[in-house]
Amino acid sequence: MDIPPNQTLYVNNLPEKIKKEELRQLLYALFGQFGRIIDVVAMRTDKLRGQAWVVFADIAAATNALRGMQGFPFYDKPIRVSFARTTSNVVAVQKGGKAAKAAKGKPPKAPAAAGEGKAKEAAAANGEQQPAAAAAGGGAAAVDVGKPNPKLFVENLPAATTAAMLEMLFQQFPGCKEVTTVPAKPGIAFVEFETEMQASVALTGLQGFKVTPQNAMRITYSKQS
């Protein structure tokens, strides 16, 4: 039985040893490029390790995310994405449905294997998804970005941001060479590209991108000595 498109995505084949909160932040950053996320559900129980649910504000964003993130290499494992079988609790609450009370504290249901296969086929048929600059929520014109060069300076990041998390965002863009965080100064990082043009494309595409609802990235060109 095919699962109709809905606001909630079921994501599995995720690394099982990663901490719950770190996983939530990583998924928020990765999937947030496709639209507004209203919840990310990850559980600590053994039965639910390696899987999560990402809830979007609308079905269109969820559909684009499914197509764009299907098979994305996450910690060297291709993630699997499909529509969830049931409505998430937060969506039920927003719609005023009675299902919210019954579902309280429980994640949405994962799809059956057949439904997941259909979702994979649909994603493959769609082709590649371009990095979604429109979802970044800002523009380079609003920031004094400095003199163009291949190295970017990124700030206003959550304190828990890791290099791996930023790599997943910036490696959408060609030429990303290295991401460097500064342990002594949480919230900032440097991202180096092969060319000035490649750095400029990434800056424009991710300027203002909300890693969390409270943290919109501010990107400028790194000052050259």
# chains A, B, ... in the order shown; residues from 1 in each chain; ligands from 1
$ closest_atom_pairs --of "range 5-66 of chain A" --to "range 152-176 of chain A" --cutoff "10 Å" --atoms "only C-alpha atoms" --output "tab-separated table"
residue	atom	partner	partner_atom	distance
A:Glu21	CA	A:Ala160	CA	9.3
A:Glu22	CA	A:Ala160	CA	7.5
A:Leu23	CA	A:Met165	CA	9.7
A:Gln25	CA	A:Thr161	CA	8.2
A:Leu26	CA	A:Met165	CA	5.9
A:Leu27	CA	A:Met165	CA	9.1
A:Ala29	CA	A:Leu169	CA	7.4
A:Leu30	CA	A:Leu169	CA	6.5
A:Phe31	CA	A:Leu169	CA	9.8
A:Gln33	CA	A:Leu169	CA	8.9
$ write_last_selection --atoms "N, CA and C atoms" --output "short mmCIF file (atom, residue, chain, number, x, y, z; two decimals), in the first residue's frame"
data_model
loop_
_atom_site.label_atom_id
_atom_site.label_comp_id
_atom_site.auth_asym_id
_atom_site.auth_seq_id
_atom_site.Cartn_x
_atom_site.Cartn_y
_atom_site.Cartn_z
N GLU A 21 20.64 14.62 21.04
CA GLU A 21 20.52 16.05 20.75
C GLU A 21 21.40 16.44 19.57
N GLU A 22 22.57 15.84 19.46
CA GLU A 22 23.44 16.13 18.32
C GLU A 22 22.78 15.67 17.02
N LEU A 23 22.15 14.50 17.07
CA LEU A 23 21.45 13.99 15.89
C LEU A 23 20.34 14.93 15.48
N GLN A 25 20.10 18.14 15.97
CA GLN A 25 20.65 19.36 15.40
C GLN A 25 21.17 19.13 13.98
N LEU A 26 21.82 18.00 13.77
CA LEU A 26 22.33 17.67 12.44
C LEU A 26 21.19 17.52 11.43
N LEU A 27 20.14 16.82 11.83
CA LEU A 27 19.00 16.62 10.94
C LEU A 27 18.29 17.94 10.67
N ALA A 29 19.68 20.86 10.59
CA ALA A 29 20.51 21.63 9.66
C ALA A 29 20.42 21.08 8.24
N LEU A 30 20.45 19.77 8.10
CA LEU A 30 20.42 19.14 6.78
C LEU A 30 19.08 19.31 6.07
N PHE A 31 18.01 19.04 6.79
CA PHE A 31 16.68 19.07 6.17
C PHE A 31 16.09 20.47 6.13
N GLN A 33 17.12 23.09 4.88
CA GLN A 33 17.32 23.82 3.62
C GLN A 33 16.11 23.70 2.70
#
$ residues_around --residues "Pro78 in chain A" --least-positions-apart "6" --cutoff "10 Å" --atoms "only C-alpha atoms" --output "list in words"
Asn12, Asn13, Leu14, Met69, Gln70, Gly71 and Phe72 of chain A
$ write_last_selection --atoms "all heavy atoms" --output "short mmCIF file (atom, residue, chain, number, x, y, z; two decimals), in the first residue's frame"
data_model
loop_
_atom_site.label_atom_id
_atom_site.label_comp_id
_atom_site.auth_asym_id
_atom_site.auth_seq_id
_atom_site.Cartn_x
_atom_site.Cartn_y
_atom_site.Cartn_z
N ASN A 12 15.80 6.70 8.28
CA ASN A 12 16.51 5.62 8.97
C ASN A 12 17.85 5.33 8.31
O ASN A 12 18.28 6.05 7.42
CB ASN A 12 15.63 4.36 9.07
CG ASN A 12 15.38 3.72 7.74
OD1 ASN A 12 15.43 4.37 6.69
ND2 ASN A 12 15.08 2.44 7.74
N ASN A 13 18.51 4.30 8.81
CA ASN A 13 19.90 3.98 8.46
C ASN A 13 20.84 5.08 8.96
O ASN A 13 21.85 5.40 8.34
CB ASN A 13 20.09 3.77 6.96
CG ASN A 13 21.34 2.96 6.65
OD1 ASN A 13 21.69 2.04 7.39
ND2 ASN A 13 22.02 3.27 5.56
N LEU A 14 20.48 5.65 10.12
CA LEU A 14 21.29 6.69 10.76
C LEU A 14 22.29 6.04 11.71
O LEU A 14 22.07 4.93 12.19
CB LEU A 14 20.38 7.65 11.54
CG LEU A 14 19.36 8.44 10.72
CD1 LEU A 14 18.37 9.14 11.65
CD2 LEU A 14 20.06 9.46 9.84
N MET A 69 17.19 14.44 -0.19
CA MET A 69 18.05 13.80 0.80
C MET A 69 18.11 12.28 0.69
O MET A 69 18.84 11.63 1.43
CB MET A 69 17.56 14.17 2.21
CG MET A 69 17.72 15.65 2.55
SD MET A 69 19.43 16.24 2.44
CE MET A 69 20.20 15.25 3.73
N GLN A 70 17.36 11.71 -0.22
CA GLN A 70 17.37 10.26 -0.38
C GLN A 70 18.77 9.77 -0.74
O GLN A 70 19.37 10.22 -1.72
CB GLN A 70 16.39 9.86 -1.48
CG GLN A 70 16.14 8.36 -1.56
CD GLN A 70 15.33 7.87 -0.37
OE1 GLN A 70 15.91 7.30 0.55
NE2 GLN A 70 14.04 8.10 -0.37
N GLY A 71 19.32 8.90 0.10
CA GLY A 71 20.65 8.35 -0.17
C GLY A 71 21.80 9.26 0.20
O GLY A 71 22.95 8.95 -0.07
N PHE A 72 21.51 10.39 0.86
CA PHE A 72 22.58 11.33 1.24
C PHE A 72 23.56 10.64 2.19
O PHE A 72 23.15 10.01 3.17
CB PHE A 72 21.96 12.56 1.92
CG PHE A 72 22.96 13.63 2.26
CD1 PHE A 72 23.28 14.62 1.34
CD2 PHE A 72 23.57 13.66 3.51
CE1 PHE A 72 24.20 15.61 1.67
CE2 PHE A 72 24.49 14.65 3.84
CZ PHE A 72 24.80 15.63 2.91
#
$ residues_around --residues "Met43 in chain A" --least-positions-apart "5" --cutoff "9 Å" --atoms "only C-alpha atoms" --output "PDB file with C-alpha atoms, in the first residue's frame"
ATOM      1  CA  LYS A  20      20.213  12.253  20.575  1.00  0.00           C
ATOM      2  CA  LEU A  48      14.300   3.214  17.827  1.00  0.00           C
ATOM      3  CA  ARG A  49      18.023   3.884  17.502  1.00  0.00           C
ATOM      4  CA  GLY A  50      19.222   4.704  14.008  1.00  0.00           C
ATOM      5  CA  GLN A  51      15.972   6.352  12.990  1.00  0.00           C
ATOM      6  CA  ALA A  52      14.190   9.682  13.354  1.00  0.00           C
ATOM      7  CA  PRO A 107       6.831   8.920  17.449  1.00  0.00           C
TER       8      PRO A 107
END
$ closest_residue --among "A:Ser222, A:Thr8, A:Thr45, A:Thr86" --to "Leu203 in chain A" --atoms "only C-alpha atoms"
A:Ser222
$ atom_distance --atom1 "CA of Lys19 in chain A" --atom2 "CA of Lys210 in chain A"
21.0 Å
$ residues_around --residues "Pro4 in chain A" --least-positions-apart "4" --cutoff "9 Å" --atoms "only C-alpha atoms" --output "ChimeraX atom specification"
/A:83-85
$ residues_around --residues "Lys223 in chain A" --least-positions-apart "2" --cutoff "10 Å" --atoms "only C-alpha atoms" --output "PyMOL selection string"
chain A and resi 145-149+151-153+220-221+225
$ atom_distance --atom1 "CA of Val40 in chain A" --atom2 "CA of Val54 in chain A"
4.6 Å
